[in-house]
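Below is my_file.cif, which holds mmCIF, C-alpha atoms and all ligand atoms.
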```
data_entry
loop_
_atom_site.label_atom_id
_atom_site.label_comp_id
_atom_site.auth_asym_id
_atom_site.auth_seq_id
_atom_site.Cartn_x
_atom_site.Cartn_y
_atom_site.Cartn_z
CA MET A 8 46.81 19.82 -2.21
CA ASN A 9 46.37 16.92 0.22
CA LEU A 10 46.43 13.55 -1.51
CA ASP A 11 45.46 10.23 -0.01
CA VAL A 12 45.08 6.78 -1.56
CA ILE A 13 42.85 3.82 -0.67
CA PHE A 14 43.92 0.35 -1.77
CA SER A 15 40.55 -1.35 -2.28
CA TRP A 16 36.79 -0.67 -2.43
CA SER A 17 36.46 -2.61 0.84
CA GLU A 18 38.41 0.13 2.65
CA VAL A 19 36.19 2.96 1.43
CA THR A 20 34.01 4.46 4.16
CA PRO A 21 31.71 7.47 3.81
CA GLU A 22 34.02 9.46 6.16
CA ARG A 23 37.07 8.85 3.95
CA VAL A 24 35.39 10.25 0.84
CA LYS A 25 32.75 12.69 2.05
CA GLY A 26 33.30 16.20 0.72
CA ARG A 27 36.48 15.17 -1.15
CA ILE A 28 37.41 14.74 -4.79
CA ALA A 29 37.54 10.97 -5.40
CA VAL A 30 39.11 9.16 -8.32
CA VAL A 31 38.23 5.50 -8.90
CA ILE A 32 40.77 3.30 -10.70
CA ASP A 33 40.41 -0.26 -11.99
CA VAL A 34 43.18 -0.79 -14.53
CA LEU A 35 42.21 -4.45 -15.20
CA ARG A 36 39.72 -3.65 -16.49
CA ALA A 37 36.57 -1.79 -15.43
CA THR A 38 37.71 1.82 -15.60
CA SER A 39 39.82 1.12 -18.72
CA VAL A 40 36.58 -0.13 -20.31
CA MET A 41 34.60 2.96 -19.20
CA VAL A 42 37.22 5.41 -20.46
CA THR A 43 37.44 3.57 -23.79
CA ALA A 44 33.67 3.42 -24.24
CA LEU A 45 33.28 7.15 -23.56
CA ASN A 46 36.22 8.00 -25.82
CA ASN A 47 34.70 5.94 -28.63
CA GLY A 48 31.32 7.65 -28.54
CA ALA A 49 29.24 6.11 -25.77
CA LEU A 50 26.87 8.71 -24.29
CA LYS A 51 27.29 7.59 -20.70
CA VAL A 52 28.16 4.69 -18.43
CA ILE A 53 25.77 3.56 -15.69
CA PRO A 54 27.55 1.55 -12.98
CA VAL A 55 25.32 -0.99 -11.26
CA LEU A 56 26.04 -3.65 -8.66
CA THR A 57 24.25 -6.70 -10.03
CA PRO A 58 23.18 -8.24 -13.36
CA ASP A 59 19.56 -7.93 -12.21
CA GLU A 60 20.00 -4.17 -11.74
CA ALA A 61 21.41 -4.00 -15.27
CA PHE A 62 18.49 -5.95 -16.79
CA GLU A 63 16.05 -3.75 -14.86
CA TYR A 64 17.73 -0.57 -16.17
CA LYS A 65 17.44 -1.86 -19.72
CA LYS A 66 13.80 -2.80 -19.27
CA ASN A 67 12.93 0.64 -17.89
CA ASN A 68 15.00 2.75 -20.26
CA GLY A 69 14.32 1.33 -23.71
CA LYS A 70 16.74 1.14 -26.62
CA ASP A 71 20.39 1.98 -27.35
CA ILE A 72 21.52 0.31 -24.15
CA LEU A 73 24.43 -2.10 -23.97
CA LEU A 74 24.91 -4.43 -21.02
CA VAL A 75 28.61 -4.87 -20.29
CA GLY A 76 30.31 -6.71 -17.44
CA GLU A 77 31.92 -9.76 -15.99
CA ARG A 78 32.00 -12.26 -13.20
CA HIS A 79 35.30 -14.16 -12.80
CA ALA A 80 36.45 -12.18 -15.88
CA ASP A 81 33.82 -13.92 -18.08
CA ILE A 82 30.79 -12.46 -19.84
CA ILE A 83 27.52 -12.50 -17.89
CA GLU A 84 24.72 -14.54 -19.46
CA GLY A 85 22.32 -12.28 -21.37
CA PHE A 86 24.81 -9.39 -21.60
CA ASP A 87 25.97 -7.82 -24.86
CA PHE A 88 29.67 -7.71 -24.04
CA SER A 89 32.16 -8.96 -21.52
CA ASN A 90 34.34 -6.48 -19.65
CA SER A 91 36.83 -6.00 -22.48
CA PRO A 92 37.99 -2.56 -23.59
CA LEU A 93 38.60 -4.02 -27.04
CA ASP A 94 34.86 -4.66 -27.43
CA MET A 95 34.13 -0.95 -26.93
CA SER A 96 34.74 -0.03 -30.58
CA PRO A 97 33.14 3.09 -32.07
CA ILE A 98 30.88 0.94 -34.20
CA SER A 99 29.54 -0.83 -31.09
CA VAL A 100 29.26 2.03 -28.61
CA THR A 101 28.54 5.25 -30.47
CA ASN A 102 25.43 6.92 -29.01
CA GLN A 103 24.86 3.98 -26.68
CA THR A 104 24.34 3.95 -22.93
CA VAL A 105 26.67 1.38 -21.39
CA VAL A 106 25.29 -0.28 -18.25
CA MET A 107 28.10 -2.00 -16.38
CA THR A 108 28.48 -4.41 -13.50
CA THR A 109 31.88 -5.83 -12.56
CA THR A 110 33.34 -7.62 -9.57
CA ASN A 111 35.28 -4.70 -8.11
CA GLY A 112 35.26 -1.57 -10.28
CA THR A 113 31.56 -0.78 -10.12
CA LYS A 114 31.59 -1.59 -6.39
CA ALA A 115 34.31 1.00 -5.85
CA ILE A 116 32.26 3.62 -7.68
CA ARG A 117 29.21 2.87 -5.56
CA ALA A 118 31.33 2.87 -2.38
CA ALA A 119 32.54 6.39 -3.21
CA GLU A 120 29.04 7.81 -3.61
CA GLU A 121 29.54 10.37 -0.82
CA ALA A 122 32.42 12.08 -2.63
CA LYS A 123 31.92 15.71 -3.62
CA GLU A 124 33.12 14.94 -7.14
CA LEU A 125 34.03 11.60 -8.63
CA TYR A 126 36.38 10.91 -11.54
CA ILE A 127 37.17 7.67 -13.37
CA ALA A 128 40.79 7.00 -14.24
CA SER A 129 43.03 4.32 -15.70
CA PHE A 130 46.51 4.29 -17.20
CA LEU A 131 44.83 5.29 -20.48
CA ASN A 132 43.71 8.72 -19.25
CA ALA A 133 45.98 9.19 -16.23
CA ARG A 134 47.68 12.35 -17.46
CA SER A 135 44.43 14.08 -18.50
CA THR A 136 42.94 13.23 -15.12
CA ALA A 137 46.01 14.48 -13.23
CA GLN A 138 45.75 17.83 -15.04
CA ILE A 139 42.22 18.34 -13.72
CA LEU A 140 43.14 17.14 -10.23
CA ALA A 141 46.02 19.59 -9.99
CA GLN A 142 43.48 22.37 -9.48
CA GLN A 143 41.89 20.69 -6.45
CA ASP A 144 42.89 20.79 -2.79
CA ASP A 145 41.67 17.53 -1.25
CA VAL A 146 41.88 14.39 -3.36
CA VAL A 147 41.58 10.68 -2.65
CA LEU A 148 42.58 8.07 -5.22
CA ILE A 149 40.65 4.81 -4.83
CA ALA A 150 41.94 1.51 -6.20
CA SER A 151 39.15 -0.94 -6.90
CA GLY A 152 41.48 -3.76 -5.89
CA SER A 153 40.59 -7.39 -6.25
CA ASN A 154 37.97 -9.06 -4.08
CA GLY A 155 38.44 -6.46 -1.38
CA SER A 156 42.26 -6.56 -1.39
CA PHE A 157 45.27 -4.68 -2.73
CA THR A 158 46.23 -5.14 -6.39
CA MET A 159 49.52 -4.27 -8.00
CA GLU A 160 48.16 -2.69 -11.20
CA ASP A 161 45.76 -0.27 -9.50
CA THR A 162 48.39 0.78 -6.99
CA LEU A 163 50.88 1.39 -9.79
CA CYS A 164 48.33 3.61 -11.53
CA MET A 165 47.66 5.55 -8.32
CA GLY A 166 51.43 5.93 -7.97
CA TYR A 167 51.69 7.21 -11.53
CA ILE A 168 48.99 9.84 -11.00
CA THR A 169 50.59 10.82 -7.68
CA ASN A 170 53.95 11.17 -9.42
CA LEU A 171 52.45 13.36 -12.16
CA LEU A 172 50.89 15.59 -9.49
CA LYS A 173 54.20 15.78 -7.62
CA SER A 174 55.97 16.96 -10.78
CA GLU A 175 53.30 19.61 -11.30
CA LEU A 176 52.81 20.81 -7.72
CA GLY A 177 56.13 20.11 -5.94
CA ASN A 178 55.99 21.06 -2.26
CA ALA A 179 52.39 22.20 -2.61
CA LEU A 180 51.42 18.51 -2.69
CA GLY A 181 51.07 16.81 0.70
CA LEU A 182 51.04 13.01 0.60
CA THR A 183 49.76 10.56 3.20
CA ASP A 184 52.05 7.61 3.93
CA ALA A 185 49.83 5.43 1.72
CA ALA A 186 50.21 7.89 -1.17
CA LEU A 187 53.97 8.05 -0.61
CA ALA A 188 54.11 4.25 -0.79
CA ALA A 189 52.07 4.10 -4.02
CA ARG A 190 54.28 6.74 -5.62
CA GLN A 191 57.47 4.96 -4.57
CA LEU A 192 56.18 1.65 -5.93
CA PHE A 193 55.55 3.33 -9.28
CA ILE A 194 58.95 5.04 -9.32
CA ASN A 195 60.73 1.75 -8.60
CA ALA A 196 58.80 -0.12 -11.30
CA GLN A 197 58.35 2.51 -14.00
CA GLN A 198 61.09 1.26 -16.35
CA ASN A 199 59.14 -1.97 -16.78
CA LEU A 200 55.68 -1.77 -15.24
CA LEU A 201 54.59 -5.11 -16.67
CA ALA A 202 57.44 -6.95 -15.00
CA LEU A 203 55.93 -6.15 -11.60
CA ALA A 204 52.25 -6.05 -12.59
CA SER A 205 52.45 -9.46 -14.27
CA GLN A 206 53.14 -11.08 -10.90
CA GLY A 207 49.76 -9.89 -9.61
CA LYS A 208 46.85 -12.29 -9.16
CA HIS A 209 44.25 -10.65 -11.38
CA TYR A 210 46.80 -10.07 -14.15
CA ARG A 211 47.62 -13.78 -14.05
CA LEU A 212 43.91 -14.69 -14.15
CA LEU A 213 43.35 -12.59 -17.27
CA LYS A 214 46.48 -14.03 -18.86
CA SER A 215 45.33 -17.58 -18.14
CA LYS A 216 42.15 -16.74 -20.08
CA GLY A 217 44.18 -15.59 -23.09
CA LEU A 218 43.36 -11.90 -22.58
CA ASP A 219 46.87 -10.68 -23.41
CA ASP A 220 45.59 -8.04 -25.84
CA ASP A 221 43.31 -6.57 -23.17
CA ILE A 222 46.20 -6.39 -20.73
CA ARG A 223 48.55 -4.75 -23.22
CA TYR A 224 45.88 -2.21 -24.11
CA CYS A 225 45.14 -1.36 -20.44
CA PHE A 226 48.83 -0.54 -19.91
CA SER A 227 48.99 2.00 -22.78
CA LEU A 228 49.88 5.02 -20.67
CA ASP A 229 48.19 8.29 -21.66
CA SER A 230 46.81 6.94 -24.93
CA ILE A 231 43.46 8.68 -24.36
CA ASN A 232 43.06 12.38 -23.75
CA LEU A 233 39.79 12.40 -21.85
CA VAL A 234 38.48 13.20 -18.39
CA CYS A 235 35.56 11.07 -17.18
CA TYR A 236 33.45 12.12 -14.24
CA ARG A 237 30.17 11.53 -12.43
CA LYS A 238 27.28 13.77 -13.41
CA ASN A 239 23.90 13.13 -11.81
CA GLY A 240 24.93 9.58 -10.92
CA GLU A 241 26.12 8.74 -14.45
CA ILE A 242 29.68 8.56 -15.77
CA VAL A 243 30.23 10.90 -18.71
CA ALA A 244 33.09 12.51 -20.60
CA LEU A 245 34.03 16.06 -19.64
CA LYS A 246 33.51 18.15 -22.75
C1 LIG B 301 36.56 -5.91 -11.80
O1 LIG B 301 35.76 -4.96 -11.66
O2 LIG B 301 36.83 -6.70 -10.91
C2 LIG B 301 37.32 -6.12 -13.09
O3 LIG B 301 37.26 -5.09 -13.92
C3 LIG B 301 37.42 -7.51 -13.53
C4 LIG B 301 37.84 -7.72 -14.97
O4 LIG B 301 37.03 -7.62 -15.87
O5 LIG B 301 38.98 -8.01 -15.26
#
```
Could you quickly redo this structure as structure tokens?
Amino acid sequence: MNLDVIFSWSEVTPERVKGRIAVVIDVLRATSVMVTALNNGALKVIPVLTPDEAFEYKKNNGKDILLVGERHADIIEGFDFSNSPLDMSPISVTNQTVVMTTTNGTKAIRAAEEAKELYIASFLNARSTAQILAQQDDVVLIASGSNGSFTMEDTLCMGYITNLLKSELGNALGLTDAALAARQLFINAQQNLLALASQGKHYRLLKSKGLDDDIRYCFSLDSINLVCYRKNGEIVALK
């Protein structure tokens, strides 16, 4: 397998994803929210770019729709929930369609539209996702990043998935320099991921808003055994 990584949605071009298996990651917090919602019974997640697109979707598609998202890590006016995985409880999301817009995560998903297949990963479902990826031959991991730039937590998660694939595939896994760097960052930090991640900008923003429980939850490695992927433009759980 050839494995590449991209450090932010702003670096995604159609050529870098076209015909490849893409995996979008936004540890804090968009893809952690999606994985949690689908694990707790949501039917599907619809990523959209703007609040207006979300309101329009709800207007055109009737009931059992939850609007979820953030701007500057706060809830959007008129939405049902902010972008917190802890809000995605079974009682709230079962049999619901979750329409989401976030600052970076949903942009990364849209940016990767040309990919042959698209998966959604986080630390929560990293191992389950890696198991599926191990059967592929051309994969690109995409960090959502923060405002178009590198973020520590997404890169650590890409490094973790790369490391899992390396253990599984050995010399059959070819890494680009970017993938080598992400893996090495993870290996160096793995004894205490939070010590490094907590120095990152978005981590500090969430912490300053008192979202410690969200952060702790998003760093629960392999707590969810679920693969999430794009089917007809919607994000669903692989059954
Ligand atoms: C994003 O897409 O930028 C994030 O998920 C922001 C957040 O809710 O922490």
Quick one: which chain A residues come within 8 Å of ligand LIG 301 (chain B), and what is the nearest atom pair for each with the distance in Å to one decimal, counting only C-alpha atoms and all ligand atoms, rows ordered by chain and ascending number, as JSON lines?
```
{"residue": "A:Asp33", "atom": "CA", "partner": "B:LIG301", "partner_atom": "O3", "distance": 6.1}
{"residue": "A:Val34", "atom": "CA", "partner": "B:LIG301", "partner_atom": "O3", "distance": 7.3}
{"residue": "A:Leu35", "atom": "CA", "partner": "B:LIG301", "partner_atom": "O5", "distance": 4.8}
{"residue": "A:Arg36", "atom": "CA", "partner": "B:LIG301", "partner_atom": "O3", "distance": 3.8}
{"residue": "A:Ala37", "atom": "CA", "partner": "B:LIG301", "partner_atom": "O3", "distance": 3.7}
{"residue": "A:Thr38", "atom": "CA", "partner": "B:LIG301", "partner_atom": "O3", "distance": 7.1}
{"residue": "A:Gly76", "atom": "CA", "partner": "B:LIG301", "partner_atom": "O4", "distance": 7.0}
{"residue": "A:Glu77", "atom": "CA", "partner": "B:LIG301", "partner_atom": "O4", "distance": 5.5}
{"residue": "A:Arg78", "atom": "CA", "partner": "B:LIG301", "partner_atom": "C3", "distance": 7.2}
{"residue": "A:His79", "atom": "CA", "partner": "B:LIG301", "partner_atom": "C3", "distance": 7.0}
{"residue": "A:Ala80", "atom": "CA", "partner": "B:LIG301", "partner_atom": "O4", "distance": 4.6}
{"residue": "A:Asp81", "atom": "CA", "partner": "B:LIG301", "partner_atom": "O4", "distance": 7.4}
{"residue": "A:Ser89", "atom": "CA", "partner": "B:LIG301", "partner_atom": "O4", "distance": 7.6}
{"residue": "A:Asn90", "atom": "CA", "partner": "B:LIG301", "partner_atom": "O4", "distance": 4.8}
{"residue": "A:Ser91", "atom": "CA", "partner": "B:LIG301", "partner_atom": "O4", "distance": 6.8}
{"residue": "A:Thr108", "atom": "CA", "partner": "B:LIG301", "partner_atom": "O1", "distance": 7.5}
{"residue": "A:Thr109", "atom": "CA", "partner": "B:LIG301", "partner_atom": "O1", "distance": 4.1}
{"residue": "A:Thr110", "atom": "CA", "partner": "B:LIG301", "partner_atom": "O2", "distance": 3.8}
{"residue": "A:Asn111", "atom": "CA", "partner": "B:LIG301", "partner_atom": "O1", "distance": 3.6}
{"residue": "A:Gly112", "atom": "CA", "partner": "B:LIG301", "partner_atom": "O1", "distance": 3.7}
{"residue": "A:Thr113", "atom": "CA", "partner": "B:LIG301", "partner_atom": "O1", "distance": 6.1}
{"residue": "A:Lys114", "atom": "CA", "partner": "B:LIG301", "partner_atom": "O1", "distance": 7.5}
{"residue": "A:Ser151", "atom": "CA", "partner": "B:LIG301", "partner_atom": "O1", "distance": 7.1}
{"residue": "A:Gly152", "atom": "CA", "partner": "B:LIG301", "partner_atom": "O2", "distance": 7.4}
{"residue": "A:Ser153", "atom": "CA", "partner": "B:LIG301", "partner_atom": "O2", "distance": 6.0}
{"residue": "A:Asn154", "atom": "CA", "partner": "B:LIG301", "partner_atom": "O2", "distance": 7.3}
{"residue": "A:His209", "atom": "CA", "partner": "B:LIG301", "partner_atom": "O5", "distance": 7.1}
{"residue": "A:Leu213", "atom": "CA", "partner": "B:LIG301", "partner_atom": "O5", "distance": 6.6}
```
- Task: Skip A:Ile149 itself and residues of its chain fewer than 3 positions away, then list as a count of residues only all residues within 7 Å of it, counting only C-alpha atoms.
- Result: 8
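The space between atom CA of A:Leu182 and atom CA of A:Leu10 spans 5.1 Å.
You can rank A:Ala185, A:Leu140, A:Val55, A:Ile72 by their closest distance to A:Ile116 using all atoms listed in the file, and at the top of that list sits A:Val55.
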- Name the residues, using the chain letters and numbers of the file, that sit within 9 Å of (36.2, 10.9, -13.8) when counting all atoms listed in the file, and give them as a ChimeraX atom specification. /A:29-31,42,124-128,136,233-237,242-245
- Query: Could you name the residues that touch A:Leu74 at 9 Å or less, counting only C-alpha atoms, but leaving out those on the same chain fewer than 6 positions away, as a list in words?
  - Reply: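 The residues satisfying every condition are Pro58, Ala61, Phe62, Lys65, Gly85, Phe86, Asp87, Phe88, Ser89, Thr104, Val105, Val106, Met107 and Thr108 of chain A.
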Can you sort out the box for stretch 104-114 of chain A, edges along x, y and z, all listed atoms in, 3 Å on every side, with centre and edge lengths in Å to one decimal, as lines of an AutoDock Vina configuration file?
```
center_x = 29.8
center_y = -1.8
center_z = -14.7
size_x = 16.9
size_y = 17.6
size_z = 22.5
```
- Take atom CA of A:Gly26 and atom CA of A:Glu120 and report the distance between them in Å, one decimal.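 These atoms are spaced 10.4 Å apart.
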- Message: Just to confirm, what's the straight-line distance from atom CA of A:Gln103 to atom CA of A:Tyr210 in Å (one decimal)?
- Response: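 Here the two named atoms are 28.9 Å from each other.
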- Message: Tell me which residues come within 9 Å of (56.2, 4.1, -6.9), as a list of chain:residue names, counting only C-alpha atoms in the file's coordinates.
- Response: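 Residues satisfying the cut-off, written out: A:Thr162, A:Leu163, A:Met165, A:Gly166, A:Tyr167, A:Thr169, A:Asn170, A:Leu187, A:Ala188, A:Ala189, A:Arg190, A:Gln191, A:Leu192, A:Phe193, A:Ile194, A:Asn195, A:Ala196, A:Gln197.
Nearest to A:Asn46 of all the residues A:Ser205, A:Asn67, A:Asn132, A:Ser174 is A:Asn132, based on all atoms listed in the file.
The smallest atom-to-atom distance between A:Gly240 and any of A:Ala186, A:Leu201, A:Ala119, A:Ala44, using all atoms listed in the file, is found for A:Ala119.
Among the candidates A:Leu180, A:Val146, A:Ala141, A:Ile231, the residue lying nearest to A:Ser39 is A:Ile231 (atoms considered: all atoms listed in the file).
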How would stretch 164-183 of chain A read, as a PDB file, in the coordinates of the input, once N, CA and C atoms are built in?
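So the final result, stored in out26.pdb, reads:
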```
ATOM      1  N   CYS A 164      49.001   2.482 -10.860  1.00  0.00           N
ATOM      2  CA  CYS A 164      48.330   3.610 -11.530  1.00  0.00           C
ATOM      3  C   CYS A 164      48.135   4.776 -10.561  1.00  0.00           C
ATOM      4  N   MET A 165      47.778   4.458  -9.312  1.00  0.00           N
ATOM      5  CA  MET A 165      47.660   5.550  -8.320  1.00  0.00           C
ATOM      6  C   MET A 165      49.024   6.209  -8.116  1.00  0.00           C
ATOM      7  N   GLY A 166      50.071   5.385  -8.114  1.00  0.00           N
ATOM      8  CA  GLY A 166      51.430   5.930  -7.970  1.00  0.00           C
ATOM      9  C   GLY A 166      51.811   6.806  -9.143  1.00  0.00           C
ATOM     10  N   TYR A 167      51.388   6.407 -10.330  1.00  0.00           N
ATOM     11  CA  TYR A 167      51.690   7.210 -11.530  1.00  0.00           C
ATOM     12  C   TYR A 167      50.999   8.574 -11.446  1.00  0.00           C
ATOM     13  N   ILE A 168      49.721   8.567 -11.094  1.00  0.00           N
ATOM     14  CA  ILE A 168      48.990   9.840 -11.000  1.00  0.00           C
ATOM     15  C   ILE A 168      49.603  10.703  -9.890  1.00  0.00           C
ATOM     16  N   THR A 169      49.954  10.079  -8.777  1.00  0.00           N
ATOM     17  CA  THR A 169      50.590  10.820  -7.680  1.00  0.00           C
ATOM     18  C   THR A 169      51.902  11.443  -8.156  1.00  0.00           C
ATOM     19  N   ASN A 170      52.659  10.683  -8.915  1.00  0.00           N
ATOM     20  CA  ASN A 170      53.950  11.170  -9.420  1.00  0.00           C
ATOM     21  C   ASN A 170      53.762  12.343 -10.387  1.00  0.00           C
ATOM     22  N   LEU A 171      52.740  12.244 -11.238  1.00  0.00           N
ATOM     23  CA  LEU A 171      52.450  13.360 -12.160  1.00  0.00           C
ATOM     24  C   LEU A 171      52.094  14.617 -11.362  1.00  0.00           C
ATOM     25  N   LEU A 172      51.299  14.434 -10.308  1.00  0.00           N
ATOM     26  CA  LEU A 172      50.890  15.590  -9.490  1.00  0.00           C
ATOM     27  C   LEU A 172      52.097  16.167  -8.750  1.00  0.00           C
ATOM     28  N   LYS A 173      53.001  15.308  -8.323  1.00  0.00           N
ATOM     29  CA  LYS A 173      54.200  15.780  -7.620  1.00  0.00           C
ATOM     30  C   LYS A 173      55.052  16.634  -8.567  1.00  0.00           C
ATOM     31  N   SER A 174      55.181  16.186  -9.810  1.00  0.00           N
ATOM     32  CA  SER A 174      55.970  16.960 -10.780  1.00  0.00           C
ATOM     33  C   SER A 174      55.333  18.327 -11.015  1.00  0.00           C
ATOM     34  N   GLU A 175      54.030  18.360 -11.017  1.00  0.00           N
ATOM     35  CA  GLU A 175      53.300  19.610 -11.300  1.00  0.00           C
ATOM     36  C   GLU A 175      53.297  20.540 -10.084  1.00  0.00           C
ATOM     37  N   LEU A 176      53.075  19.976  -8.901  1.00  0.00           N
ATOM     38  CA  LEU A 176      52.810  20.810  -7.720  1.00  0.00           C
ATOM     39  C   LEU A 176      53.984  20.928  -6.748  1.00  0.00           C
ATOM     40  N   GLY A 177      54.959  20.052  -6.847  1.00  0.00           N
ATOM     41  CA  GLY A 177      56.130  20.110  -5.940  1.00  0.00           C
ATOM     42  C   GLY A 177      55.714  20.092  -4.492  1.00  0.00           C
ATOM     43  N   ASN A 178      56.251  21.048  -3.700  1.00  0.00           N
ATOM     44  CA  ASN A 178      55.990  21.060  -2.260  1.00  0.00           C
ATOM     45  C   ASN A 178      54.554  21.415  -1.910  1.00  0.00           C
ATOM     46  N   ALA A 179      53.792  21.881  -2.886  1.00  0.00           N
ATOM     47  CA  ALA A 179      52.390  22.200  -2.610  1.00  0.00           C
ATOM     48  C   ALA A 179      51.542  20.931  -2.524  1.00  0.00           C
ATOM     49  N   LEU A 180      52.157  19.768  -2.782  1.00  0.00           N
ATOM     50  CA  LEU A 180      51.420  18.510  -2.690  1.00  0.00           C
ATOM     51  C   LEU A 180      51.813  17.778  -1.405  1.00  0.00           C
ATOM     52  N   GLY A 181      50.832  17.564  -0.530  1.00  0.00           N
ATOM     53  CA  GLY A 181      51.070  16.810   0.700  1.00  0.00           C
ATOM     54  C   GLY A 181      50.559  15.382   0.531  1.00  0.00           C
ATOM     55  N   LEU A 182      51.422  14.410   0.806  1.00  0.00           N
ATOM     56  CA  LEU A 182      51.040  13.010   0.600  1.00  0.00           C
ATOM     57  C   LEU A 182      50.891  12.274   1.933  1.00  0.00           C
ATOM     58  N   THR A 183      49.846  11.465   2.041  1.00  0.00           N
ATOM     59  CA  THR A 183      49.760  10.560   3.200  1.00  0.00           C
ATOM     60  C   THR A 183      50.832   9.471   3.012  1.00  0.00           C
TER      61      THR A 183
END
```
